[in-house]
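Engineer: My file is start37.cif. It has mmCIF, C-alpha atoms:
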data_work
#
loop_
_atom_site.label_atom_id
_atom_site.label_comp_id
_atom_site.auth_asym_id
_atom_site.auth_seq_id
_atom_site.Cartn_x
_atom_site.Cartn_y
_atom_site.Cartn_z
CA ARG A 1 -77.89 152.07 -88.48
CA TYR A 2 -77.47 152.84 -84.82
CA LEU A 3 -77.78 150.19 -82.13
CA VAL A 4 -80.87 151.87 -80.67
CA GLN A 5 -82.64 151.47 -84.00
CA ARG A 6 -82.57 147.71 -83.45
CA TYR A 7 -82.63 147.35 -79.67
CA ASP A 8 -83.92 148.97 -76.50
CA VAL A 9 -80.74 149.78 -74.58
CA ALA A 10 -80.41 149.91 -70.79
CA LEU A 11 -77.34 150.31 -68.60
CA ALA A 12 -76.38 149.22 -65.08
CA PRO A 13 -73.52 150.46 -62.88
CA SER A 14 -72.39 146.85 -62.42
CA ALA A 15 -73.75 143.31 -62.61
CA SER A 16 -74.10 143.13 -58.83
CA VAL A 17 -76.02 146.42 -58.69
CA TRP A 18 -78.26 145.25 -61.55
CA LEU A 19 -79.18 142.09 -59.63
CA ALA A 20 -79.56 143.89 -56.30
CA LEU A 21 -81.96 146.42 -57.79
CA GLY A 22 -84.01 143.64 -59.33
CA GLU A 23 -84.32 141.90 -55.96
CA ARG A 24 -85.21 145.06 -54.02
CA ALA A 25 -88.84 145.09 -52.95
CA PRO A 26 -90.66 147.96 -54.69
CA GLU A 27 -92.06 150.72 -52.50
CA ARG A 28 -95.51 152.11 -53.09
CA ALA A 29 -95.55 155.75 -54.18
CA THR A 30 -98.59 157.60 -52.86
CA SER A 31 -98.82 160.20 -55.62
CA GLY A 32 -97.90 160.76 -59.24
CA VAL A 33 -95.44 162.87 -61.21
CA LEU A 34 -93.43 165.87 -59.99
CA ALA A 35 -91.63 168.06 -62.58
CA PHE A 36 -89.22 170.91 -61.79
CA ALA A 37 -87.83 173.61 -64.11
CA PRO A 38 -86.03 176.20 -61.96
CA ARG A 39 -84.01 177.91 -64.73
CA THR A 40 -86.64 178.74 -67.33
CA GLU A 41 -85.01 182.06 -68.30
CA ALA A 42 -81.65 180.46 -69.04
CA LEU A 43 -83.23 177.27 -70.43
CA PRO A 44 -86.42 178.47 -72.16
CA ALA A 45 -87.27 175.04 -73.57
CA SER A 46 -87.41 173.62 -70.06
CA ARG A 47 -90.68 175.51 -69.46
CA ARG A 48 -92.19 173.86 -72.51
CA GLU A 49 -90.74 170.53 -71.42
CA VAL A 50 -92.39 170.45 -68.00
CA ALA A 51 -95.66 171.92 -69.32
CA MET A 52 -95.82 169.07 -71.81
CA ILE A 53 -95.13 166.55 -69.02
CA GLY A 54 -97.97 168.09 -67.04
CA HIS A 55 -100.30 167.73 -70.03
CA LEU A 56 -99.35 164.10 -70.70
CA THR A 57 -99.19 162.83 -67.14
CA GLY A 58 -101.09 165.27 -64.92
CA ALA A 59 -97.81 166.14 -63.18
CA GLU A 60 -97.45 168.76 -60.52
CA VAL A 61 -95.18 171.33 -62.20
CA LEU A 62 -93.00 173.86 -60.38
CA THR A 63 -91.00 176.45 -62.33
CA GLY A 64 -88.68 179.35 -61.60
CA SER A 65 -88.36 180.45 -57.99
CA ALA A 66 -91.07 177.99 -56.90
CA ALA A 67 -88.92 175.01 -57.96
CA THR A 68 -86.86 175.04 -54.78
CA GLU A 69 -84.65 172.39 -53.28
CA ALA A 70 -86.80 172.51 -50.15
CA ALA A 71 -89.95 171.81 -52.19
CA PHE A 72 -88.24 168.88 -53.86
CA ARG A 73 -87.09 167.41 -50.56
CA ASN A 74 -90.60 167.69 -49.13
CA ALA A 75 -92.50 166.25 -52.11
CA ALA A 76 -90.08 163.78 -53.72
CA PRO A 77 -90.30 160.84 -51.26
CA ALA A 78 -93.96 160.13 -52.13
CA ARG A 79 -93.76 160.58 -55.91
CA ARG A 80 -93.81 157.85 -58.53
CA VAL A 81 -91.93 159.91 -61.14
CA LEU A 82 -89.46 162.77 -60.55
CA HIS A 83 -88.37 165.00 -63.45
CA LEU A 84 -85.69 167.69 -63.13
CA ALA A 85 -85.22 169.95 -66.17
CA THR A 86 -82.29 172.12 -65.18
CA TYR A 87 -78.51 172.42 -65.11
CA GLY A 88 -76.29 169.60 -63.91
CA VAL A 89 -72.77 170.27 -62.68
CA LEU A 90 -70.13 167.54 -62.48
CA ASN A 91 -67.46 168.01 -59.80
CA LYS A 92 -64.48 166.07 -61.16
CA GLN A 93 -62.35 166.44 -58.06
CA ASN A 94 -65.03 165.55 -55.51
CA PRO A 95 -68.01 163.84 -57.19
CA LEU A 96 -69.97 163.77 -53.92
CA PHE A 97 -70.48 167.48 -54.58
CA SER A 98 -71.76 167.11 -58.15
CA PHE A 99 -75.28 168.52 -58.22
CA VAL A 100 -78.44 169.37 -60.09
CA GLU A 101 -79.44 172.99 -59.75
CA LEU A 102 -82.77 173.90 -58.14
CA ALA A 103 -83.96 177.24 -56.79
CA PRO A 104 -82.68 178.32 -53.36
CA GLY A 105 -85.08 178.98 -50.54
CA GLY A 106 -85.37 178.67 -46.79
CA ASP A 107 -82.23 177.02 -45.46
CA GLN A 108 -81.41 175.29 -48.78
CA ASP A 109 -78.89 176.65 -51.29
CA GLY A 110 -80.54 175.12 -54.37
CA ARG A 111 -77.73 172.65 -55.05
CA LEU A 112 -79.06 169.11 -54.74
CA GLU A 113 -75.71 167.41 -54.31
CA VAL A 114 -74.82 163.74 -54.64
CA HIS A 115 -74.10 163.27 -50.94
CA GLU A 116 -77.53 164.76 -50.15
CA VAL A 117 -79.31 162.46 -52.60
CA PHE A 118 -77.72 159.45 -50.89
CA GLY A 119 -79.57 160.53 -47.76
CA LEU A 120 -83.04 160.69 -49.38
CA HIS A 121 -85.63 157.94 -49.13
CA LEU A 122 -87.51 157.66 -52.43
CA SER A 123 -90.21 155.37 -53.77
CA ALA A 124 -89.93 156.51 -57.39
CA ASP A 125 -90.29 154.15 -60.31
CA LEU A 126 -88.45 156.70 -62.44
CA VAL A 127 -86.16 159.69 -61.99
CA VAL A 128 -85.37 161.77 -65.09
CA LEU A 129 -82.35 164.06 -64.80
CA SER A 130 -82.89 166.22 -67.86
CA ALA A 131 -79.66 168.15 -67.41
CA CYS A 132 -76.05 168.08 -68.57
CA GLN A 133 -73.69 165.22 -67.66
CA THR A 134 -75.92 163.78 -64.94
CA GLY A 135 -74.94 160.25 -65.99
CA LEU A 136 -71.22 160.75 -65.37
CA ALA A 137 -69.50 159.83 -62.14
CA SER A 138 -66.11 159.49 -60.49
CA GLY A 139 -65.09 156.56 -62.64
CA ALA A 140 -65.53 158.55 -65.82
CA LEU A 141 -63.31 161.55 -65.18
CA ALA A 142 -61.59 161.29 -61.80
CA ASP A 143 -58.68 159.34 -60.39
CA VAL A 144 -60.36 155.94 -59.95
CA PRO A 145 -60.26 152.85 -62.20
CA PRO A 146 -61.69 153.55 -65.68
CA GLY A 147 -65.22 152.30 -66.20
CA ASP A 148 -66.23 152.22 -62.54
CA ASP A 149 -69.27 154.30 -61.63
CA TRP A 150 -68.53 154.66 -57.93
CA VAL A 151 -69.99 158.05 -57.11
CA GLY A 152 -72.45 160.09 -59.13
CA LEU A 153 -76.02 161.32 -59.36
CA THR A 154 -77.29 158.17 -61.08
CA ARG A 155 -75.91 155.83 -58.43
CA ALA A 156 -77.14 158.17 -55.68
CA PHE A 157 -80.73 158.18 -56.93
CA LEU A 158 -80.69 154.40 -57.34
CA HIS A 159 -79.36 154.05 -53.79
CA ALA A 160 -82.08 156.42 -52.52
CA GLY A 161 -84.78 154.10 -53.87
CA ALA A 162 -85.37 154.91 -57.55
CA ALA A 163 -85.97 151.89 -59.77
CA HIS A 164 -84.86 153.60 -63.01
CA VAL A 165 -82.89 156.76 -63.77
CA VAL A 166 -82.67 158.54 -67.12
CA ALA A 167 -79.53 160.70 -67.23
CA THR A 168 -77.09 162.27 -69.70
CA LEU A 169 -73.48 161.68 -70.69
CA TRP A 170 -72.64 165.14 -72.08
CA PRO A 171 -74.01 168.71 -72.31
CA VAL A 172 -77.33 168.45 -74.15
CA ASP A 173 -79.23 170.86 -76.39
CA ASP A 174 -82.13 172.64 -74.69
CA TRP A 175 -84.68 172.42 -77.51
CA ALA A 176 -83.72 168.93 -78.71
CA THR A 177 -84.05 167.72 -75.13
CA ALA A 178 -87.58 169.09 -74.90
CA ALA A 179 -88.48 167.33 -78.15
CA LEU A 180 -86.97 164.05 -76.93
CA MET A 181 -88.79 164.27 -73.59
CA GLU A 182 -92.10 164.88 -75.33
CA GLN A 183 -91.63 161.62 -77.24
CA PHE A 184 -90.36 159.85 -74.12
CA TYR A 185 -93.34 160.74 -71.95
CA ALA A 186 -95.81 159.98 -74.72
CA GLY A 187 -94.42 156.44 -74.75
CA TYR A 188 -94.10 156.16 -70.99
CA ALA A 189 -97.63 157.45 -70.34
CA GLY A 190 -98.81 154.90 -72.89
CA GLY A 191 -97.42 152.02 -70.82
CA ALA A 192 -93.89 151.57 -72.16
CA GLU A 193 -91.07 150.72 -69.76
CA PRO A 194 -88.49 153.54 -69.35
CA GLY A 195 -85.92 151.85 -71.61
CA GLN A 196 -88.53 151.24 -74.30
CA ALA A 197 -89.84 154.80 -74.05
CA LEU A 198 -86.33 156.26 -74.31
CA ALA A 199 -85.45 154.11 -77.32
CA GLY A 200 -88.68 155.17 -79.05
CA ALA A 201 -87.90 158.83 -78.37
CA GLN A 202 -84.37 158.48 -79.71
CA ARG A 203 -85.67 156.82 -82.88
CA ALA A 204 -88.12 159.67 -83.35
CA LEU A 205 -85.28 162.22 -83.19
CA ILE A 206 -83.14 160.15 -85.57
CA ALA A 207 -85.99 160.29 -88.07
CA GLN A 208 -85.96 164.11 -88.09
CA PRO A 209 -83.15 165.71 -90.17
CA ALA A 210 -82.65 168.54 -87.66
CA THR A 211 -81.96 166.15 -84.76
CA SER A 212 -80.66 163.03 -86.50
CA GLN A 213 -77.05 163.47 -85.37
CA PRO A 214 -76.11 161.51 -82.21
CA PHE A 215 -75.24 164.72 -80.35
CA TYR A 216 -78.95 165.47 -79.98
CA TRP A 217 -80.18 162.11 -78.67
CA ALA A 218 -77.40 159.63 -77.88
CA GLY A 219 -76.32 161.28 -74.63
CA PHE A 220 -79.45 160.05 -72.87
CA VAL A 221 -79.21 156.70 -71.09
CA GLU A 222 -81.56 154.65 -68.94
CA VAL A 223 -80.01 153.01 -65.90
CA GLY A 224 -81.76 150.44 -63.73
CA GLY A 225 -81.90 146.91 -62.44
CA ALA A 226 -83.21 143.54 -63.49
CA ASP A 227 -86.94 143.37 -64.16
CA ARG A 228 -87.96 140.17 -62.43
CA GLU A 229 -91.52 140.24 -63.76
CA SER A 230 -90.39 140.46 -67.37
CA GLU A 231 -87.85 137.66 -66.81
CA ARG A 232 -90.66 135.33 -65.79
#
Using structure tokens, write down the structure that the file contains.
Structural biologist:
Amino acid sequence: RYLVQRYDVALAPSASVWLALGERAPERATSGVLAFAPRTEALPASRREVAMIGHLTGAEVLTGSAATEAAFRNAAPARRVLHLATYGVLNKQNPLFSFVELAPGGDQDGRLEVHEVFGLHLSADLVVLSACQTGLASGALADVPPGDDWVGLTRAFLHAGAAHVVATLWPVDDWATAALMEQFYAGYAGGAEPGQALAGAQRALIAQPATSQPFYWAGFVEVGGADRESER
């Protein structure tokens, strides 16, 4: 039996970050869910993924050339949930330039890089980075002390204001990811906390022979801070 079959698992970059996030006053998002899938030809399941999110949550969905970095920058600060179904690229030498890939447009190149995310001001309860290796950072693969998550997309989105981030630890399968996200959003839309919803989705994939191996589900992690309300 896997650990997630017995427990809901959540991660934090460090104990101090976990406490700081729990003490941070929540901001009020003025609108709902925003889902992007800019690479639907290369990642065909991403179209299904965001369409399903739209059905379950009433999300605004942008795909292909409409899913631009400029559109994300304009809409993201007011959204409660942000979902990016795309490619993630880890820059091992300079993790500030790791990025998630959106569509180019206007004066934006389509690379939403870590150093740019640090400059955003978000009010999101949840950011889902449904892309490869978005949960890795400088401490994982670069020349800094092992185990330290100093610079990466997850830490950047938390710093920008997100309360929870779902990210990945390795390159993930397109179709298995869509199946996992369908289970995840069914749970989340039903009132589950992000960690609970992710654990439920992972258990659902474990129960299916085609996706039972950890490669298909174990790369997804939920990162966030202390939940003060639940502690009371």
Engineer: Taking 6 positions as the minimum chain separation for residues in the same chain, which residues sit within 6 Å of segment 209-219 of chain A when counting only C-alpha atoms? Answer as a list in words.
Structural biologist: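 My reading of the contact set: Thr168, Leu169, Trp170 and Gln202 of chain A.
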Engineer: Out of A:Thr63, A:Gln133, A:Ser31, A:Gln196, which residue has the shortest atom-to-atom distance to Ala75 of chain A when counting only C-alpha atoms?
Structural biologist: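 Smallest separation from Ala75 of chain A among the options: A:Ser31.
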Engineer: Which residues of segment 24-72 of chain A come within 10 Å of segment 171-174 of chain A, and what is each one's closest atom pair and distance in Å (one decimal), counting all atoms listed in the file, sorted by chain and residue number, as CSV?
Structural biologist:
residue,atom,partner,partner_atom,distance
A:Ala42,CA,A:Asp174,CA,9.7
A:Leu43,CA,A:Asp174,CA,6.4
A:Pro44,CA,A:Asp174,CA,7.7
A:Ala45,CA,A:Asp174,CA,5.8
A:Ser46,CA,A:Asp174,CA,7.1
A:Glu49,CA,A:Asp174,CA,9.4
Engineer: Between A:Thr86, A:Gln5, A:Gln183, A:Thr154, which residue has the minimum interatomic distance to Thr134 of chain A, considering all atoms listed in the file?
Structural biologist: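 Checking each of A:Thr86, A:Gln5, A:Gln183, A:Thr154 against Thr134 of chain A, counting all atoms listed in the file, the winner is A:Thr154.
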Engineer: Using only C-alpha atoms, find the one residue out of A:Ala131, A:Leu34, A:Leu198, A:Leu122 that sits nearest to Gly58 of chain A.
Structural biologist: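 Among the listed residues, the smallest separation from Gly58 of chain A belongs to A:Leu34.
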Engineer: Between A:Pro104, A:Gly161, A:Pro194, A:Pro38, single out the one closest to Ala76 of chain A, counting all atoms listed in the file.
Structural biologist: A:Gly161
Engineer: If the box runs along x, y and z of the file and leaves 5 Å on each side of segment 210-220 of chain A, what are its centre and edge lengths in Å, one decimal, as lines of an AutoDock Vina configuration file?
Structural biologist:
center_x = -78.9
center_y = 164.1
center_z = -80.3
size_x = 17.4
size_y = 18.9
size_z = 24.8
Engineer: How about completing segment 169-186 of chain A with N, CA and C atoms and giving it to me as an mmCIF file, keeping the file's coordinate frame?
Structural biologist:
data_model
loop_
_atom_site.group_PDB
_atom_site.id
_atom_site.type_symbol
_atom_site.label_atom_id
_atom_site.label_comp_id
_atom_site.auth_asym_id
_atom_site.auth_seq_id
_atom_site.Cartn_x
_atom_site.Cartn_y
_atom_site.Cartn_z
ATOM 1 N N LEU A 169 -74.922 161.913 -70.674
ATOM 2 C CA LEU A 169 -73.480 161.680 -70.690
ATOM 3 C C LEU A 169 -72.682 162.900 -71.132
ATOM 4 N N TRP A 170 -73.351 163.927 -71.655
ATOM 5 C CA TRP A 170 -72.640 165.140 -72.080
ATOM 6 C C TRP A 170 -73.618 166.320 -72.067
ATOM 7 N N PRO A 171 -73.118 167.555 -72.242
ATOM 8 C CA PRO A 171 -74.010 168.710 -72.310
ATOM 9 C C PRO A 171 -75.004 168.557 -73.460
ATOM 10 N N VAL A 172 -76.294 168.717 -73.165
ATOM 11 C CA VAL A 172 -77.330 168.450 -74.150
ATOM 12 C C VAL A 172 -78.005 169.737 -74.590
ATOM 13 N N ASP A 173 -78.567 169.703 -75.800
ATOM 14 C CA ASP A 173 -79.230 170.860 -76.390
ATOM 15 C C ASP A 173 -80.599 171.074 -75.756
ATOM 16 N N ASP A 174 -80.897 172.310 -75.402
ATOM 17 C CA ASP A 174 -82.130 172.640 -74.690
ATOM 18 C C ASP A 174 -83.376 172.232 -75.477
ATOM 19 N N TRP A 175 -83.468 172.660 -76.744
ATOM 20 C CA TRP A 175 -84.680 172.420 -77.510
ATOM 21 C C TRP A 175 -84.792 170.969 -77.974
ATOM 22 N N ALA A 176 -83.679 170.353 -78.322
ATOM 23 C CA ALA A 176 -83.720 168.930 -78.710
ATOM 24 C C ALA A 176 -84.118 168.067 -77.518
ATOM 25 N N THR A 177 -83.673 168.450 -76.328
ATOM 26 C CA THR A 177 -84.050 167.720 -75.130
ATOM 27 C C THR A 177 -85.551 167.785 -74.899
ATOM 28 N N ALA A 178 -86.134 168.964 -75.069
ATOM 29 C CA ALA A 178 -87.580 169.090 -74.900
ATOM 30 C C ALA A 178 -88.329 168.219 -75.898
ATOM 31 N N ALA A 179 -87.838 168.165 -77.138
ATOM 32 C CA ALA A 179 -88.480 167.330 -78.150
ATOM 33 C C ALA A 179 -88.350 165.845 -77.789
ATOM 34 N N LEU A 180 -87.169 165.443 -77.315
ATOM 35 C CA LEU A 180 -86.970 164.050 -76.930
ATOM 36 C C LEU A 180 -87.859 163.679 -75.747
ATOM 37 N N MET A 181 -87.975 164.577 -74.770
ATOM 38 C CA MET A 181 -88.790 164.270 -73.590
ATOM 39 C C MET A 181 -90.276 164.207 -73.928
ATOM 40 N N GLU A 182 -90.703 164.977 -74.892
ATOM 41 C CA GLU A 182 -92.100 164.880 -75.330
ATOM 42 C C GLU A 182 -92.380 163.482 -75.881
ATOM 43 N N GLN A 183 -91.472 162.978 -76.700
ATOM 44 C CA GLN A 183 -91.630 161.620 -77.240
ATOM 45 C C GLN A 183 -91.506 160.574 -76.134
ATOM 46 N N PHE A 184 -90.568 160.799 -75.207
ATOM 47 C CA PHE A 184 -90.360 159.850 -74.120
ATOM 48 C C PHE A 184 -91.608 159.701 -73.263
ATOM 49 N N TYR A 185 -92.187 160.821 -72.839
ATOM 50 C CA TYR A 185 -93.340 160.740 -71.950
ATOM 51 C C TYR A 185 -94.604 160.288 -72.672
ATOM 52 N N ALA A 186 -94.691 160.535 -73.957
ATOM 53 C CA ALA A 186 -95.810 159.980 -74.720
ATOM 54 C C ALA A 186 -95.769 158.459 -74.679
#
